[in-house]
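Below is structure_22.cif, holding mmCIF, C-alpha atoms.
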data_data
#
loop_
_atom_site.label_atom_id
_atom_site.label_comp_id
_atom_site.auth_asym_id
_atom_site.auth_seq_id
_atom_site.Cartn_x
_atom_site.Cartn_y
_atom_site.Cartn_z
CA MET A 1 -14.16 -17.64 0.40
CA GLU A 2 -16.69 -16.61 -2.26
CA ILE A 3 -19.66 -14.64 -0.89
CA LEU A 4 -21.38 -13.46 -4.07
CA ASN A 5 -21.55 -15.21 -7.44
CA VAL A 6 -23.59 -13.68 -10.25
CA GLN A 7 -23.94 -15.87 -13.35
CA HIS A 8 -25.26 -14.73 -16.76
CA LEU A 9 -27.73 -12.27 -15.22
CA CYS A 10 -30.26 -10.70 -17.59
CA LYS A 11 -33.13 -8.37 -16.82
CA ASN A 12 -35.65 -7.27 -19.45
CA TYR A 13 -38.59 -4.90 -19.23
CA GLY A 14 -41.46 -4.74 -21.72
CA LYS A 15 -42.01 -6.72 -24.90
CA GLY A 16 -41.57 -6.33 -28.63
CA GLU A 17 -40.46 -2.88 -29.76
CA ALA A 18 -40.87 -1.58 -26.21
CA LYS A 19 -38.46 -4.18 -24.78
CA VAL A 20 -35.57 -2.78 -22.74
CA ASP A 21 -32.53 -4.90 -21.84
CA ALA A 22 -31.57 -3.42 -18.46
CA LEU A 23 -28.92 -6.09 -17.75
CA LYS A 24 -27.13 -8.10 -20.43
CA ASP A 25 -25.39 -11.35 -19.45
CA VAL A 26 -23.75 -9.99 -16.27
CA SER A 27 -21.32 -12.34 -14.48
CA PHE A 28 -18.93 -11.60 -11.60
CA SER A 29 -18.09 -12.72 -8.07
CA LEU A 30 -16.93 -11.20 -4.78
CA ARG A 31 -14.92 -12.82 -2.03
CA LYS A 32 -15.33 -12.31 1.72
CA GLY A 33 -14.14 -8.90 2.85
CA GLU A 34 -14.02 -7.29 -0.60
CA PHE A 35 -15.24 -3.72 -1.00
CA ALA A 36 -16.36 -3.23 -4.61
CA ALA A 37 -17.93 -0.28 -6.39
CA VAL A 38 -20.16 -0.27 -9.46
CA VAL A 39 -20.02 3.00 -11.38
CA GLY A 40 -22.26 4.10 -14.20
CA GLU A 41 -24.49 6.90 -15.41
CA SER A 42 -28.17 7.16 -14.54
CA GLY A 43 -30.11 4.54 -16.50
CA SER A 44 -27.03 2.37 -17.08
CA GLY A 45 -28.49 -0.61 -15.18
CA LYS A 46 -26.51 -0.38 -11.95
CA SER A 47 -29.59 0.11 -9.73
CA THR A 48 -31.32 -2.81 -11.46
CA LEU A 49 -28.24 -4.93 -10.74
CA LEU A 50 -28.29 -4.00 -7.05
CA ASN A 51 -32.03 -4.65 -6.77
CA CYS A 52 -31.65 -8.12 -8.29
CA ILE A 53 -28.72 -9.03 -6.04
CA GLY A 54 -30.70 -7.80 -3.04
CA ALA A 55 -33.71 -9.90 -4.10
CA LEU A 56 -35.82 -6.74 -4.36
CA ASP A 57 -36.41 -7.51 -8.03
CA ALA A 58 -36.33 -10.81 -9.93
CA PRO A 59 -33.98 -11.27 -12.90
CA THR A 60 -35.34 -12.47 -16.24
CA SER A 61 -32.65 -15.15 -16.36
CA GLY A 62 -29.37 -16.11 -14.70
CA GLN A 63 -28.40 -17.00 -11.16
CA ILE A 64 -27.41 -15.12 -8.02
CA LEU A 65 -25.71 -17.12 -5.28
CA ILE A 66 -24.94 -15.64 -1.86
CA ASP A 67 -22.69 -17.85 0.25
CA GLY A 68 -23.58 -20.70 -2.11
CA GLN A 69 -27.36 -20.23 -1.75
CA ASN A 70 -29.31 -19.62 -4.97
CA LEU A 71 -31.63 -16.69 -4.21
CA PHE A 72 -34.22 -17.38 -6.86
CA SER A 73 -34.49 -21.11 -6.35
CA MET A 74 -36.02 -20.29 -2.94
CA LYS A 75 -39.71 -19.81 -2.28
CA GLU A 76 -40.69 -16.20 -1.68
CA GLU A 77 -41.05 -16.49 2.11
CA GLU A 78 -37.75 -18.37 2.41
CA ARG A 79 -36.03 -15.74 0.25
CA THR A 80 -37.43 -12.92 2.41
CA ILE A 81 -36.03 -14.51 5.58
CA PHE A 82 -32.69 -15.21 3.88
CA ARG A 83 -32.47 -11.58 2.69
CA ARG A 84 -33.23 -10.24 6.17
CA ARG A 85 -30.52 -12.38 7.74
CA ASN A 86 -27.82 -12.26 5.10
CA ILE A 87 -28.07 -8.97 3.19
CA GLY A 88 -27.66 -5.51 4.69
CA PHE A 89 -28.88 -2.41 2.84
CA ILE A 90 -27.66 1.19 2.98
CA PHE A 91 -29.90 3.58 1.05
CA GLN A 92 -29.35 7.13 -0.16
CA SER A 93 -32.40 8.31 1.79
CA PHE A 94 -31.31 6.75 5.15
CA GLN A 95 -34.80 5.24 5.79
CA LEU A 96 -34.57 5.47 9.57
CA VAL A 97 -37.64 5.07 11.81
CA ALA A 98 -38.39 8.58 13.07
CA GLU A 99 -39.84 7.42 16.42
CA LEU A 100 -36.80 5.28 17.32
CA ASN A 101 -33.52 6.57 18.71
CA VAL A 102 -30.09 5.78 17.27
CA GLU A 103 -29.57 2.56 19.21
CA GLN A 104 -33.11 1.33 18.50
CA ASN A 105 -32.76 2.05 14.77
CA ILE A 106 -29.53 0.06 14.66
CA LEU A 107 -31.16 -2.85 16.50
CA PHE A 108 -34.34 -2.80 14.40
CA PRO A 109 -33.34 -5.61 11.96
CA LEU A 110 -32.54 -7.93 14.88
CA LEU A 111 -35.83 -7.20 16.59
CA LEU A 112 -37.73 -7.88 13.35
CA ASP A 113 -36.09 -11.30 13.32
CA TYR A 114 -36.83 -11.94 17.03
CA ARG A 115 -33.11 -12.11 17.80
CA LYS A 116 -31.60 -10.97 21.08
CA PRO A 117 -29.07 -8.14 20.66
CA ASP A 118 -25.53 -8.50 21.96
CA PRO A 119 -24.88 -5.34 24.05
CA GLU A 120 -21.13 -5.54 23.43
CA ALA A 121 -21.63 -5.75 19.67
CA VAL A 122 -23.97 -2.74 19.76
CA SER A 123 -21.48 -0.70 21.80
CA GLU A 124 -18.67 -1.67 19.42
CA ILE A 125 -20.63 -0.52 16.38
CA LEU A 126 -21.64 2.75 18.06
CA GLU A 127 -17.97 3.42 18.87
CA LEU A 128 -16.82 2.47 15.36
CA LEU A 129 -19.32 4.92 13.89
CA GLY A 130 -18.63 7.69 16.40
CA LEU A 131 -22.20 7.60 17.69
CA THR A 132 -21.72 6.54 21.31
CA ASP A 133 -22.78 9.94 22.65
CA ARG A 134 -25.76 10.03 20.25
CA ARG A 135 -27.21 6.61 21.08
CA HIS A 136 -30.39 8.07 22.64
CA HIS A 137 -30.95 10.79 20.01
CA LEU A 138 -33.81 10.65 17.50
CA PRO A 139 -33.07 10.94 13.75
CA SER A 140 -34.51 14.48 13.75
CA GLN A 141 -31.75 15.45 16.20
CA LEU A 142 -28.97 14.24 13.91
CA SER A 143 -27.17 15.69 10.91
CA GLY A 144 -27.42 13.96 7.52
CA GLY A 145 -23.97 12.45 7.97
CA GLN A 146 -24.90 11.09 11.41
CA GLN A 147 -28.14 9.61 10.06
CA GLN A 148 -26.22 7.78 7.35
CA ARG A 149 -23.83 6.43 10.00
CA VAL A 150 -26.87 5.02 11.83
CA ALA A 151 -27.94 3.38 8.55
CA ILE A 152 -24.48 1.80 8.26
CA GLY A 153 -24.78 0.51 11.83
CA ARG A 154 -28.19 -0.97 11.04
CA ALA A 155 -26.66 -2.80 8.07
CA LEU A 156 -23.75 -4.12 10.16
CA ILE A 157 -25.64 -5.33 13.24
CA THR A 158 -26.95 -8.55 11.68
CA LYS A 159 -23.41 -9.49 10.54
CA PRO A 160 -24.70 -10.07 7.00
CA LYS A 161 -22.85 -11.97 4.29
CA LEU A 162 -23.18 -8.95 1.99
CA ILE A 163 -23.93 -5.24 2.33
CA LEU A 164 -25.45 -3.42 -0.64
CA ALA A 165 -24.98 0.35 -0.62
CA ASP A 166 -27.16 2.32 -3.04
CA GLU A 167 -25.64 5.79 -3.64
CA PRO A 168 -24.93 6.01 0.12
CA THR A 169 -23.55 9.56 -0.12
CA GLY A 170 -26.14 10.93 -2.55
CA ASN A 171 -27.74 13.25 0.02
CA LEU A 172 -24.52 14.36 1.71
CA ASP A 173 -22.02 17.17 1.22
CA SER A 174 -18.43 16.40 0.20
CA LYS A 175 -17.02 16.18 3.74
CA ASN A 176 -19.76 13.89 5.04
CA SER A 177 -19.51 11.85 1.83
CA GLN A 178 -15.83 11.18 2.48
CA ASP A 179 -16.55 10.39 6.13
CA VAL A 180 -19.13 7.79 5.08
CA MET A 181 -16.71 6.26 2.57
CA ASP A 182 -14.02 6.07 5.25
CA LEU A 183 -16.49 4.30 7.57
CA LEU A 184 -17.46 1.79 4.89
CA THR A 185 -13.79 1.06 4.26
CA LYS A 186 -13.18 0.67 8.00
CA ALA A 187 -16.18 -1.66 8.33
CA SER A 188 -14.95 -3.77 5.44
CA ARG A 189 -11.57 -4.20 7.08
CA HIS A 190 -12.66 -4.41 10.73
CA TYR A 191 -15.44 -6.95 10.20
CA GLN A 192 -14.16 -8.55 6.97
CA GLN A 193 -17.46 -7.30 5.59
CA THR A 194 -18.22 -7.79 1.89
CA ILE A 195 -19.65 -4.57 0.43
CA LEU A 196 -21.01 -3.78 -3.03
CA MET A 197 -21.71 -0.08 -3.60
CA ILE A 198 -23.22 1.64 -6.60
CA THR A 199 -22.44 5.26 -7.37
CA HIS A 200 -22.37 7.65 -10.30
CA ASN A 201 -19.49 9.52 -8.62
CA LYS A 202 -16.20 8.11 -9.89
CA ASN A 203 -14.24 9.97 -7.22
CA LEU A 204 -16.00 8.11 -4.41
CA SER A 205 -15.16 4.74 -5.93
CA ALA A 206 -11.49 5.45 -5.16
CA SER A 207 -12.13 3.94 -1.71
CA ALA A 208 -13.05 0.57 -3.22
CA GLU A 209 -10.68 -2.34 -3.80
CA ARG A 210 -12.42 -3.38 -7.03
CA VAL A 211 -14.34 -1.33 -9.54
CA PHE A 212 -16.95 -2.38 -12.09
CA ARG A 213 -18.51 -0.18 -14.74
CA VAL A 214 -22.06 -0.67 -16.07
CA SER A 215 -22.96 0.86 -19.41
CA ASP A 216 -26.17 0.05 -21.28
CA GLY A 217 -26.66 -3.04 -19.12
CA VAL A 218 -23.19 -4.45 -19.77
CA LEU A 219 -20.85 -4.88 -16.79
CA THR A 220 -17.08 -4.53 -17.21
CA ASP A 221 -14.65 -5.53 -14.46
CA LEU A 222 -12.06 -2.77 -14.25
CA GLY A 223 -9.99 -4.69 -11.71
CA GLY A 224 -7.99 -3.15 -8.86
CA SER A 225 -8.05 0.20 -7.17
CA ALA A 226 -10.20 2.95 -8.59
CA ASP A 227 -7.27 5.36 -8.60
CA GLU A 228 -5.71 3.21 -11.31
CA THR A 229 -8.75 2.05 -13.27
CA LEU A 230 -10.56 5.38 -13.56
CA SER A 231 -7.54 7.63 -14.09
#

Structure encoded using structure tokens:
Amino acid sequence: MEILNVQHLCKNYGKGEAKVDALKDVSFSLRKGEFAAVVGESGSGKSTLLNCIGALDAPTSGQILIDGQNLFSMKEEERTIFRRRNIGFIFQSFQLVAELNVEQNILFPLLLDYRKPDPEAVSEILELLGLTDRRHHLPSQLSGGQQQRVAIGRALITKPKLILADEPTGNLDSKNSQDVMDLLTKASRHYQQTILMITHNKNLSASAERVFRVSDGVLTDLGGSADETLS
């Protein structure tokens, strides 16, 4: 089952001599349950790609379909609701609400959408992330690795079609980085969750099933496991 389909995506900034082609005719697709990584240097276009797929930025041309729905054929309000219900985000900077505890931060996307939480689902996610005994702690009482686990839980709770992870280990040490990658892999398998992660760290992409490289706005599909494609 195809979850994400990107067709001939282009993104340009500026005009004339100042024009920058951030994305050049990018096309690829992901199926349900795939965990894919996009690697590339700073300025390569990978963040622009993620922002367009997440409907945080509009492409200059091309199409992005999530579960068959064309993101940019929707009106802005409709697209905002669709994004909230179907796309989960994990950011490098965690972006937790300081006044809310672990459980409340995880539930926040549901509450924004006026949806009633399923207590069993919340408990399952807390257990999966190893946060059951931290459920009433505030972000300030957690380590960086624990805060990123809360961010993963927040992305999972809405059962989105797609999770976009933007340098999710960028603020973590090597041990916590590997722990987060292990959790993302576990989430992909446990929930058949489709995940697209961008990173400049080729070593971290070894956890992914598929690897793409972006260079000067051009995306190349490197195929199977990162151990093979980046060796």

Using only C-alpha atoms, which protein or nucleic acid residues come within 6 Å of A:Leu65? Drop anything in the same chain fewer than 5 positions from it, and give the result as a list in words.
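Surrounding residues, per the criterion: Leu4, Asn5 and Asn70 of chain A.
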
Give me the residues within 9 Å of A:Pro168 as a ChimeraX atom specification, counting all atoms listed in the file and dropping any in the same chain fewer than 3 places off.
/A:90-94,148,165,171-172,177,180-181,197-199

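In this comparison, which uses all atoms listed in the file, the residue of A:Asn12, A:Thr132, A:Ser123, A:Asn101 approaching A:Ala58 most closely is A:Asn12.
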
Stretch 35-54 of chain A: axis-aligned bounding box, 8 Å on each side, centre and edge lengths in Å, one decimal, as lines of an AutoDock Vina configuration file:
center_x = -23.6
center_y = -0.9
center_z = -9.0
size_x = 32.8
size_y = 32.2
size_z = 32.1

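Taking atom CA of A:Leu131 as the reference point, atom CA of A:Lys116 is found at 21.1 Å.
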
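Closest to A:Lys32 among A:Thr194, A:Thr185, A:Ser207, A:Gln141 is A:Thr194, based on all atoms listed in the file.
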
Mind giving me the straight-line distance from atom CA of A:Ser143 to atom CA of A:Val102 in Å, one decimal?
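Computing the Euclidean distance for atom CA of A:Ser143 and atom CA of A:Val102 yields 12.1 Å.
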
Using only C-alpha atoms and a cutoff of 7 Å, can you tell me which residues are near (-21.1, -15.7, -13.8) in the file's coordinates, and write them out as a list in words?
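The residues that fall inside the cut-off are Asn5, Val6, Gln7, His8, Val26, Ser27 and Phe28 of chain A.
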
Given the choices A:Gln147, A:Asn86, A:Thr220, A:Ser205, which gets closest to A:Pro160 if the distance is worked out from only C-alpha atoms?
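So, comparing all the options, the nearest one is A:Asn86.
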
So what do you get for atom CA of A:Leu9 versus atom CA of A:Cys52, distance-wise?
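Calculated distance between atom CA of A:Leu9 and atom CA of A:Cys52 is 9.0 Å.
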
Check the smallest atom-to-atom distance from each of A:Ser215, A:Thr158, A:Ser174, A:Ser42 to A:Gly145 using only C-alpha atoms, then report the winner.
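When distances to A:Gly145 are compared using only C-alpha atoms, the smallest one comes from A:Ser174.
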
Can you pull out the residues contacting A:Gly130? Cut-off 10 Å, using all atoms listed in the file, and skip same-chain residues under 4 positions away; I want them as a list in words.
Glu124, Ile125, Leu126, Arg134, Arg135, Gln146, Arg149, Val150 and Leu183 of chain A

Give me the residues within 8 Å of A:Leu222 as a ChimeraX atom specification, counting all atoms listed in the file and dropping any in the same chain fewer than 5 places off.
/A:210-213,229

Enumerate, as a list of chain:residue names, the residues matched when the PyMOL selection byres ((chain A and resi 157) around 8) is run on the file above.
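Selected by the PyMOL selection byres ((chain A and resi 157) around 8) here: A:Ile106, A:Leu107, A:Pro109, A:Leu110, A:Ala121, A:Val122, A:Ile125, A:Gly153, A:Arg154, A:Ala155, A:Leu156, A:Thr158, A:Lys159, A:Pro160.
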
Residues from last step as file, C-alpha atoms, as a PDB file, keeping the file's coordinate frame:
ATOM      1  CA  ILE A 106     -29.530   0.060  14.660  1.00  0.00           C
ATOM      2  CA  LEU A 107     -31.160  -2.850  16.500  1.00  0.00           C
ATOM      3  CA  PRO A 109     -33.340  -5.610  11.960  1.00  0.00           C
ATOM      4  CA  LEU A 110     -32.540  -7.930  14.880  1.00  0.00           C
ATOM      5  CA  ALA A 121     -21.630  -5.750  19.670  1.00  0.00           C
ATOM      6  CA  VAL A 122     -23.970  -2.740  19.760  1.00  0.00           C
ATOM      7  CA  ILE A 125     -20.630  -0.520  16.380  1.00  0.00           C
ATOM      8  CA  GLY A 153     -24.780   0.510  11.830  1.00  0.00           C
ATOM      9  CA  ARG A 154     -28.190  -0.970  11.040  1.00  0.00           C
ATOM     10  CA  ALA A 155     -26.660  -2.800   8.070  1.00  0.00           C
ATOM     11  CA  LEU A 156     -23.750  -4.120  10.160  1.00  0.00           C
ATOM     12  CA  THR A 158     -26.950  -8.550  11.680  1.00  0.00           C
ATOM     13  CA  LYS A 159     -23.410  -9.490  10.540  1.00  0.00           C
ATOM     14  CA  PRO A 160     -24.700 -10.070   7.000  1.00  0.00           C
TER      15      PRO A 160
END

For this file, the PyMOL selection byres ((chain A and resi 23) around 8) selects which residues, as a PyMOL selection string?
chain A and resi 9-12+21-22+24-26+45+48-49+216-218

Specify as a VMD selection string each residue included when the PyMOL selection byres ((chain A and resi 98) around 8) is applied to this file.
chain A and resid 96 to 97 99 to 101 138 to 140

Close residues, A:Phe89 itself excluded, 9 Å, all atoms listed in the file, min 3 positions apart in chain, as a list in words
Gly54, Ala151, Ile152, Arg154, Ala155, Leu162, Ile163, Leu164, Ala165 and Asp166 of chain A

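Ranking A:Ile81, A:Leu204, A:Val20, A:Leu56 by their shortest atom-to-atom distance to A:Thr169, with only C-alpha atoms included, puts A:Leu204 first.
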
Using all atoms listed in the file, which of the listed residues (A:Leu184, A:Leu128, A:Leu142, A:Ile53) sits closest to A:Ala208?
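Closest to A:Ala208, using all atoms listed in the file: A:Leu184.
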